[in-house]
Amino acid sequence: MKFSCSLKLNHIFQRLYRTSGQADGLLVLYARRNRTGMNRVGITVSKKLGHAVVRNRVRRRIREVYRLHEDAFCPGWDIVVVARSRAVDAPFAKLTASFLNLAGRAGILKGEDRQ
RNA sequence: CAACCGGGUCGGACAGCCGCGGACGCAGGCCGAAAGGCCGCGGAUGAGGAAAGUCCGGGCUCCACAGGGCAGGGAUAACGGGUAACGCCCGCCGAGGGUGACCUCAGGACAAGUGCAACAGAGAGAUUCUGCCGGCUUUUGCCGGUGAUGGUGAAAAGGUGGGGUAAGAGCCCACCCGGCCCAUGGCAACAUGGGUUUUACGCUGUAAACUCUAUCCCGGAGCAACGCCGUGGAGGAACAUGCGGUUUGCCCGACCGUUCCGAGGAGGCGGCUUGAUCCUGCCAGCAAUGGCAGGGCUAGAUAGAUGGCUGUCAAGACAGAACCCGGCUUACAGGCCCGUGUUGCAUA
RNA sequence: GGAGAUGUACCCAAGUGGCUGAAGGGUGCGGAUUCGAAAUCCGCUAGGCGCCGCAAGGCGUGCGGGGGUUCAAAUCCCUCCAUCUCCG
C-alpha cells in the first residue's frame, strides 16, 4: 500500500476512542489527523463477536475494503474501525458501502476534501 | 445384500485477477565513512486433527543455590511390560454388559484401628416389641431360652434341603458360596484340583470417610519467564553483631540487599525453532514400542501473516500456531482404506 | 499467552453427606402507625420449570450442564460451560 500502515500503539487507540466517532449498524469509525503524512489504520474486533476464526475473517474483510479503496482516502489520518456484531454475517458489498459512508461523514475522503 | 464391530487415514477441489508474512537470490535503486538500513524484482514456501480446554508429564529459562532435622503435603493403585516421563499406551487377569465381533471398570486394604449408617424399625455388630417354648404364678404378670415369625429398611447373623429340639439355632449332616492352607500351571495377577481336624473359619456396608500398605514426588515461578539496548522527563535513599528479605510450617544453617552511579519505564532486539523430528524399507516383539540403513528440512508472526472477489463442481463440519514436545479430554459434516472381523437374510 | 477465583429462587446469600422445610434477608401481600406516603414494627403465604386440578392443592424435576462413587449428593470425584480478577 502506498501511504498506509497499520496502527500499533495502544495509547493512540485510547486517544481515538475518546473522540466522537461515526457509527451505523455494522461498524464504528474513529478518525484523527496526524502529522506523519501517512494513514495509520487500526481494526478492533472484540471477543464478543466469536471465536478466533470468526474474528480473523471480519478483520481481513475490513482490511480488504480499505486496501481496495485506498486511493479514495486523504493521507495523514489515524483511523480506527470497530466491528459490531452484525458485521460478522454481512456481505462484502454492504461492508464496503458502510465503510465508505462513515469515512465520508468523518470527512477523510478526497472528494470531501475538495469541497 | 443389509445392519454393525474394531483400527487407520483424508478433512473442500480447480481456474482467473488483486493482496500478505518471514527466509533465499539479485553486477538492481536510494541513504550511509563503514557495519548496515529502506525500496524494488524473482521463483519457491507458509496453520490443525484437534492449533482448543490448560487436565497431567517433561524439556528449556530465571531467581537470593534449593543444605540438615522434625513435622507435613501431593499423586497413583489387580498384574506384567513400553516410554525421557506420566495420572498415558499395550498386553493380560478379574468383574459387569452384549446373540456376537467386541465394549466398560479410580479394580489395593473395612479379617489393624477410628468414624458414619438419617427416617423407619424391637434391634444397624448390637438387640426380645409381637410371637414360639419351658418354669413359677394360677386374672394381670415374673424369670429363662430362642432370630426360625410379623412388620421396618438400601442393608437384619452365608444359602438350599434334611436331621435334631420343649421351641429353636452351623447345633449336626449333604451340596453350594466366601475366607484360609497345600499342590499343579503361569514371570505375576490368577486359574484348576484337594483339604478345612482337636476347642474357635462364617467376618454388614462405606476408604471418590479419616486412615493403613506399596511406589514415586515435593524451593518457587513461568517466554507477559529471562537477557541486551534504551529517547524524553524526574532525581532519590541509607547507616551496622541492627533492619529487611529468600523456601509449605518450625528450628539450625546458608545467602542476599542496605547502593552508588544511573534502578524503574514508553519502545526496540534477542529468546524463536534441527527436534524424545518426519518419510521409506528391513529386523525384533501378540502389541505398545525399540533397533539399523537411506533420504528430507517442512510457519516463525509481535495489533499478530493463508485473505478478498468471480466462475464450475460440492454444499461440506468443528475450528486459527504464539517457547517447544509426549499424552488426555472436549467439538466435528462427509469421504476413503483395512480385517482368515461379527450377526441376519438370500443363493449355491 | 499464562496464573487464579466464583457459580444456590428476581437480587444478596447460609448450608460440606441424611428425614418435613433448599436457612435467612431484600422483594411480594395484608395490617398497625400517618391527613397521605417514606422509614419502622407485626403477621402471612407464595417463591424456578413441567404436568394434573374450577380451586385448595398434589406429583415430578431443579443448587451452572453431564457422568460417576454411595442405600442416599447442593455437599465427595471426574469432565464440560459461563462469568470475573491478576500478570507487560
# chains A, B, ... in the order shown; residues from 1 in each chain; ligands from 1
call {"tool": "select_by_dssp", "arguments": {"residues": "segment 3-91 of chain A", "states": "helix (DSSP H, G or I)", "output": "PyMOL selection string"}}
result
chain A and resi 10-17+47-49+52-68+70-72+85-88
call {"tool": "write_last_selection", "arguments": {"atoms": "N, CA and C atoms", "output": "compact mmCIF listing (two decimals), in the first residue's frame"}}
result
# COMPACT_ATOMS: atom_id res chain seq x y z
N ASN A 10 -0.85 1.27 21.55
CA ASN A 10 -2.07 1.18 22.34
C ASN A 10 -2.57 2.56 22.77
N HIS A 11 -1.66 3.50 23.04
CA HIS A 11 -2.14 4.78 23.55
C HIS A 11 -2.83 5.59 22.47
N ILE A 12 -2.46 5.32 21.19
CA ILE A 12 -3.16 6.03 20.11
C ILE A 12 -4.58 5.49 19.96
N PHE A 13 -4.74 4.19 20.14
CA PHE A 13 -6.10 3.62 20.18
C PHE A 13 -6.91 4.30 21.27
N GLN A 14 -6.32 4.40 22.44
CA GLN A 14 -7.05 5.00 23.56
C GLN A 14 -7.40 6.45 23.26
N ARG A 15 -6.49 7.18 22.58
CA ARG A 15 -6.75 8.58 22.25
C ARG A 15 -7.91 8.69 21.26
N LEU A 16 -7.97 7.75 20.31
CA LEU A 16 -9.03 7.80 19.31
C LEU A 16 -10.38 7.43 19.91
N TYR A 17 -10.38 6.50 20.89
CA TYR A 17 -11.65 6.10 21.47
C TYR A 17 -12.31 7.26 22.20
N LYS A 47 -13.86 -9.76 21.41
CA LYS A 47 -14.02 -11.20 21.62
C LYS A 47 -15.49 -11.61 21.67
N LYS A 48 -16.37 -10.62 21.84
CA LYS A 48 -17.80 -10.94 21.87
C LYS A 48 -18.31 -11.41 20.52
N LEU A 49 -17.57 -11.09 19.43
CA LEU A 49 -18.08 -11.43 18.10
C LEU A 49 -17.94 -12.90 17.77
N ALA A 52 -11.82 -17.29 17.26
CA ALA A 52 -10.70 -16.68 16.57
C ALA A 52 -10.89 -16.71 15.07
N VAL A 53 -11.48 -17.77 14.54
CA VAL A 53 -11.69 -17.85 13.10
C VAL A 53 -12.66 -16.77 12.64
N VAL A 54 -13.72 -16.56 13.39
CA VAL A 54 -14.71 -15.54 13.05
C VAL A 54 -14.07 -14.15 13.12
N ARG A 55 -13.32 -13.90 14.17
CA ARG A 55 -12.69 -12.59 14.33
C ARG A 55 -11.67 -12.34 13.24
N ASN A 56 -10.90 -13.36 12.87
CA ASN A 56 -9.92 -13.19 11.80
C ASN A 56 -10.59 -12.85 10.49
N ARG A 57 -11.72 -13.51 10.20
CA ARG A 57 -12.39 -13.25 8.92
C ARG A 57 -12.91 -11.83 8.87
N VAL A 58 -13.49 -11.34 9.95
CA VAL A 58 -14.02 -9.98 9.98
C VAL A 58 -12.90 -8.98 9.78
N ARG A 59 -11.79 -9.21 10.47
CA ARG A 59 -10.66 -8.26 10.37
C ARG A 59 -10.08 -8.25 8.96
N ARG A 60 -9.98 -9.43 8.33
CA ARG A 60 -9.40 -9.48 6.99
C ARG A 60 -10.31 -8.82 5.97
N ARG A 61 -11.61 -8.96 6.15
CA ARG A 61 -12.54 -8.33 5.20
C ARG A 61 -12.51 -6.83 5.33
N ILE A 62 -12.44 -6.33 6.56
CA ILE A 62 -12.39 -4.88 6.73
C ILE A 62 -11.08 -4.32 6.16
N ARG A 63 -9.99 -5.05 6.37
CA ARG A 63 -8.72 -4.59 5.82
C ARG A 63 -8.74 -4.61 4.30
N GLU A 64 -9.44 -5.59 3.73
CA GLU A 64 -9.53 -5.67 2.28
C GLU A 64 -10.35 -4.51 1.73
N VAL A 65 -11.38 -4.11 2.43
CA VAL A 65 -12.18 -2.96 1.99
C VAL A 65 -11.30 -1.72 1.92
N TYR A 66 -10.49 -1.51 2.96
CA TYR A 66 -9.62 -0.34 2.94
C TYR A 66 -8.60 -0.42 1.81
N ARG A 67 -8.03 -1.64 1.61
CA ARG A 67 -6.97 -1.78 0.61
C ARG A 67 -7.49 -1.48 -0.79
N LEU A 68 -8.72 -1.95 -1.08
CA LEU A 68 -9.25 -1.77 -2.42
C LEU A 68 -9.65 -0.33 -2.69
N GLU A 70 -8.06 2.47 -1.15
CA GLU A 70 -7.09 3.35 -0.51
C GLU A 70 -6.97 4.68 -1.24
N ASP A 71 -7.11 4.68 -2.58
CA ASP A 71 -6.92 5.89 -3.34
C ASP A 71 -7.98 6.93 -3.05
N ALA A 72 -9.13 6.50 -2.50
CA ALA A 72 -10.19 7.45 -2.22
C ALA A 72 -9.95 8.24 -0.94
N SER A 85 -21.42 -6.53 16.03
CA SER A 85 -21.72 -7.95 15.89
C SER A 85 -22.43 -8.27 14.58
N ARG A 86 -23.17 -7.30 14.01
CA ARG A 86 -23.87 -7.60 12.74
C ARG A 86 -22.91 -7.66 11.58
N ALA A 87 -21.67 -7.18 11.74
CA ALA A 87 -20.70 -7.23 10.64
C ALA A 87 -20.20 -8.63 10.39
N VAL A 88 -20.47 -9.57 11.30
CA VAL A 88 -19.97 -10.93 11.12
C VAL A 88 -20.59 -11.58 9.89
call {"tool": "interface_residues", "arguments": {"of": "chain B", "to": "chain A", "cutoff": "12 Å", "atoms": "only C-alpha atoms (C1' of nucleotides)", "output": "PyMOL selection string"}}
result
chain B and resi 18-20+39+47+51-52+266-267+302-309+318-320
call {"tool": "select_by_dssp", "arguments": {"residues": "chain A", "states": "strand (DSSP E)", "output": "ChimeraX atom specification"}}
result
/A:4-6,22-23,27-33,39-44,77-83
call {"tool": "write_last_selection", "arguments": {"atoms": "C-alpha atoms", "output": "mmCIF file, in the first residue's frame"}}
result
data_model
loop_
_atom_site.group_PDB
_atom_site.id
_atom_site.type_symbol
_atom_site.label_atom_id
_atom_site.label_comp_id
_atom_site.auth_asym_id
_atom_site.auth_seq_id
_atom_site.Cartn_x
_atom_site.Cartn_y
_atom_site.Cartn_z
ATOM 1 C CA SER A 4 -0.750 3.466 4.739
ATOM 2 C CA CYS A 5 0.482 1.271 7.545
ATOM 3 C CA SER A 6 -1.112 -0.467 10.500
ATOM 4 C CA GLN A 22 -19.208 7.769 13.256
ATOM 5 C CA ALA A 23 -21.367 4.651 13.555
ATOM 6 C CA LEU A 27 -19.142 -0.500 12.017
ATOM 7 C CA VAL A 28 -17.878 2.327 14.235
ATOM 8 C CA LEU A 29 -15.183 4.635 12.794
ATOM 9 C CA TYR A 30 -12.892 6.990 14.674
ATOM 10 C CA ALA A 31 -10.560 9.383 12.799
ATOM 11 C CA ARG A 32 -7.979 11.942 13.840
ATOM 12 C CA ARG A 33 -5.415 13.947 11.837
ATOM 13 C CA ASN A 39 -2.526 6.885 7.166
ATOM 14 C CA ARG A 40 -2.387 4.594 10.187
ATOM 15 C CA VAL A 41 -5.293 2.177 10.223
ATOM 16 C CA GLY A 42 -6.301 0.012 13.183
ATOM 17 C CA ILE A 43 -9.069 -2.561 13.289
ATOM 18 C CA THR A 44 -10.739 -3.629 16.515
ATOM 19 C CA TRP A 77 -5.053 10.431 9.322
ATOM 20 C CA ASP A 78 -5.219 7.947 12.150
ATOM 21 C CA ILE A 79 -8.250 5.685 11.622
ATOM 22 C CA VAL A 80 -9.723 3.046 13.935
ATOM 23 C CA VAL A 81 -12.546 0.804 12.759
ATOM 24 C CA VAL A 82 -14.530 -1.202 15.325
ATOM 25 C CA ALA A 83 -16.603 -4.115 14.043
#
call {"tool": "residues_around", "arguments": {"residues": "segment 212-221 of chain B", "least_positions_apart": "2", "cutoff": "9 Å", "atoms": "only C-alpha atoms (C1' of nucleotides)", "output": "mmCIF file with C-alpha atoms (C1' of nucleotides), in the first residue's frame"}}
result
data_model
loop_
_atom_site.group_PDB
_atom_site.id
_atom_site.type_symbol
_atom_site.label_atom_id
_atom_site.label_comp_id
_atom_site.auth_asym_id
_atom_site.auth_seq_id
_atom_site.Cartn_x
_atom_site.Cartn_y
_atom_site.Cartn_z
ATOM 1 C "C1'" C B 62 15.484 -17.376 35.508
ATOM 2 C "C1'" C B 63 15.672 -16.144 40.787
ATOM 3 C "C1'" A B 66 17.499 -25.190 46.946
ATOM 4 C "C1'" G B 73 1.705 -32.305 51.834
ATOM 5 C "C1'" G B 74 0.663 -34.293 46.854
ATOM 6 C "C1'" A B 75 -0.099 -38.098 43.064
ATOM 7 C "C1'" U B 76 -1.056 -43.137 41.657
ATOM 8 C "C1'" A B 77 -3.431 -48.070 42.852
ATOM 9 C "C1'" G B 108 -5.034 -52.298 46.934
ATOM 10 C "C1'" A B 109 -6.669 -52.968 52.265
ATOM 11 C "C1'" A B 112 -5.107 -53.309 62.111
ATOM 12 C "C1'" A B 225 9.938 -16.164 32.155
ATOM 13 C "C1'" U B 247 11.973 -21.984 50.563
#
call {"tool": "decode", "arguments": {"residues": "chain C", "atoms": "C-alpha atoms (C1' of nucleotides)", "output": "mmCIF file, in the first residue's frame"}}
result
data_model
loop_
_atom_site.group_PDB
_atom_site.id
_atom_site.type_symbol
_atom_site.label_atom_id
_atom_site.label_comp_id
_atom_site.auth_asym_id
_atom_site.auth_seq_id
_atom_site.Cartn_x
_atom_site.Cartn_y
_atom_site.Cartn_z
ATOM 1 C "C1'" G C 1 -0.174 -16.385 26.008
ATOM 2 C "C1'" G C 2 -0.026 -17.590 31.331
ATOM 3 C "C1'" A C 3 -1.919 -17.767 36.587
ATOM 4 C "C1'" G C 4 -6.190 -17.970 39.705
ATOM 5 C "C1'" A C 5 -11.320 -17.348 41.819
ATOM 6 C "C1'" U C 6 -16.581 -17.951 41.728
ATOM 7 C "C1'" G C 7 -21.392 -20.187 40.008
ATOM 8 C "C1'" U C 8 -27.558 -21.803 45.117
ATOM 9 C "C1'" A C 9 -35.388 -18.662 43.907
ATOM 10 C "C1'" C C 10 -35.910 -11.935 40.618
ATOM 11 C "C1'" C C 11 -31.333 -9.719 43.869
ATOM 12 C "C1'" C C 12 -27.827 -10.600 48.257
ATOM 13 C "C1'" A C 13 -26.654 -15.058 50.124
ATOM 14 C "C1'" A C 14 -26.087 -19.538 54.585
ATOM 15 C "C1'" G C 15 -25.760 -24.561 54.060
ATOM 16 C "C1'" U C 16 -19.555 -29.515 53.486
ATOM 17 C "C1'" G C 17 -23.250 -36.385 53.063
ATOM 18 C "C1'" G C 18 -29.465 -37.821 55.724
ATOM 19 C "C1'" C C 19 -35.682 -37.136 57.460
ATOM 20 C "C1'" U C 20 -40.897 -32.052 56.831
ATOM 21 C "C1'" G C 21 -38.936 -27.140 55.012
ATOM 22 C "C1'" A C 22 -33.303 -25.525 49.958
ATOM 23 C "C1'" A C 23 -31.974 -21.375 56.331
ATOM 24 C "C1'" G C 24 -32.192 -16.106 56.467
ATOM 25 C "C1'" G C 25 -32.585 -11.133 54.462
ATOM 26 C "C1'" G C 26 -34.266 -7.794 50.412
ATOM 27 C "C1'" U C 27 -38.510 -8.140 47.079
ATOM 28 C "C1'" G C 28 -44.377 -9.504 47.332
ATOM 29 C "C1'" C C 29 -49.272 -9.336 50.048
ATOM 30 C "C1'" G C 30 -52.111 -7.830 54.431
ATOM 31 C "C1'" G C 31 -52.288 -4.956 58.985
ATOM 32 C "C1'" A C 32 -50.526 -1.079 62.650
ATOM 33 C "C1'" U C 33 -48.582 3.989 62.588
ATOM 34 C "C1'" U C 34 -49.767 8.773 59.125
ATOM 35 C "C1'" C C 35 -54.182 13.616 56.530
ATOM 36 C "C1'" G C 36 -51.380 10.577 52.685
ATOM 37 C "C1'" A C 37 -46.571 8.448 51.833
ATOM 38 C "C1'" A C 38 -41.332 7.033 53.238
ATOM 39 C "C1'" A C 39 -38.942 4.808 57.354
ATOM 40 C "C1'" U C 40 -40.193 1.459 61.454
ATOM 41 C "C1'" C C 41 -42.979 -2.696 63.742
ATOM 42 C "C1'" C C 42 -46.208 -7.238 63.376
ATOM 43 C "C1'" G C 43 -48.185 -11.269 60.603
ATOM 44 C "C1'" C C 44 -48.717 -14.294 56.208
ATOM 45 C "C1'" U C 45 -48.258 -17.425 52.301
ATOM 46 C "C1'" A C 46 -46.016 -17.866 47.660
ATOM 47 C "C1'" G C 47 -41.386 -18.398 45.678
ATOM 48 C "C1'" G C 48 -37.942 -21.517 39.260
ATOM 49 C "C1'" C C 49 -39.760 -25.088 35.425
ATOM 50 C "C1'" G C 50 -43.206 -29.034 33.677
ATOM 51 C "C1'" C C 51 -47.790 -31.889 34.386
ATOM 52 C "C1'" C C 52 -52.708 -32.663 36.785
ATOM 53 C "C1'" G C 53 -56.799 -29.812 39.103
ATOM 54 C "C1'" C C 54 -62.592 -24.995 38.773
ATOM 55 C "C1'" A C 55 -59.900 -24.079 43.316
ATOM 56 C "C1'" A C 56 -57.386 -25.512 47.704
ATOM 57 C "C1'" G C 57 -53.507 -28.273 46.478
ATOM 58 C "C1'" G C 58 -50.712 -32.611 44.629
ATOM 59 C "C1'" C C 59 -46.767 -35.036 41.761
ATOM 60 C "C1'" G C 60 -42.151 -34.823 39.175
ATOM 61 C "C1'" U C 61 -37.706 -32.165 38.318
ATOM 62 C "C1'" G C 62 -34.466 -28.452 39.881
ATOM 63 C "C1'" C C 63 -28.340 -25.694 43.904
ATOM 64 C "C1'" G C 64 -24.257 -23.737 36.092
ATOM 65 C "C1'" G C 65 -24.692 -28.647 32.444
ATOM 66 C "C1'" G C 66 -23.427 -34.002 32.076
ATOM 67 C "C1'" G C 67 -21.474 -38.522 34.203
ATOM 68 C "C1'" G C 68 -19.682 -41.458 38.435
ATOM 69 C "C1'" U C 69 -18.998 -43.230 43.961
ATOM 70 C "C1'" U C 70 -22.767 -44.166 47.833
ATOM 71 C "C1'" C C 71 -28.657 -47.099 50.435
ATOM 72 C "C1'" A C 72 -28.667 -41.649 49.876
ATOM 73 C "C1'" A C 73 -25.089 -35.908 46.654
ATOM 74 C "C1'" A C 74 -26.144 -28.627 46.728
ATOM 75 C "C1'" U C 75 -22.133 -31.227 49.594
ATOM 76 C "C1'" C C 76 -17.292 -36.274 47.516
ATOM 77 C "C1'" C C 77 -14.715 -37.360 42.475
ATOM 78 C "C1'" C C 78 -14.174 -36.570 37.014
ATOM 79 C "C1'" U C 79 -15.427 -33.639 32.895
ATOM 80 C "C1'" C C 80 -17.541 -29.531 30.158
ATOM 81 C "C1'" C C 81 -19.700 -24.420 30.197
ATOM 82 C "C1'" A C 82 -20.196 -19.361 31.782
ATOM 83 C "C1'" U C 83 -18.605 -15.005 34.434
ATOM 84 C "C1'" C C 84 -14.869 -12.212 36.902
ATOM 85 C "C1'" U C 85 -9.810 -10.868 38.614
ATOM 86 C "C1'" C C 86 -4.405 -10.587 38.168
ATOM 87 C "C1'" C C 87 0.493 -10.792 35.292
ATOM 88 C "C1'" G C 88 3.963 -6.287 30.261
#
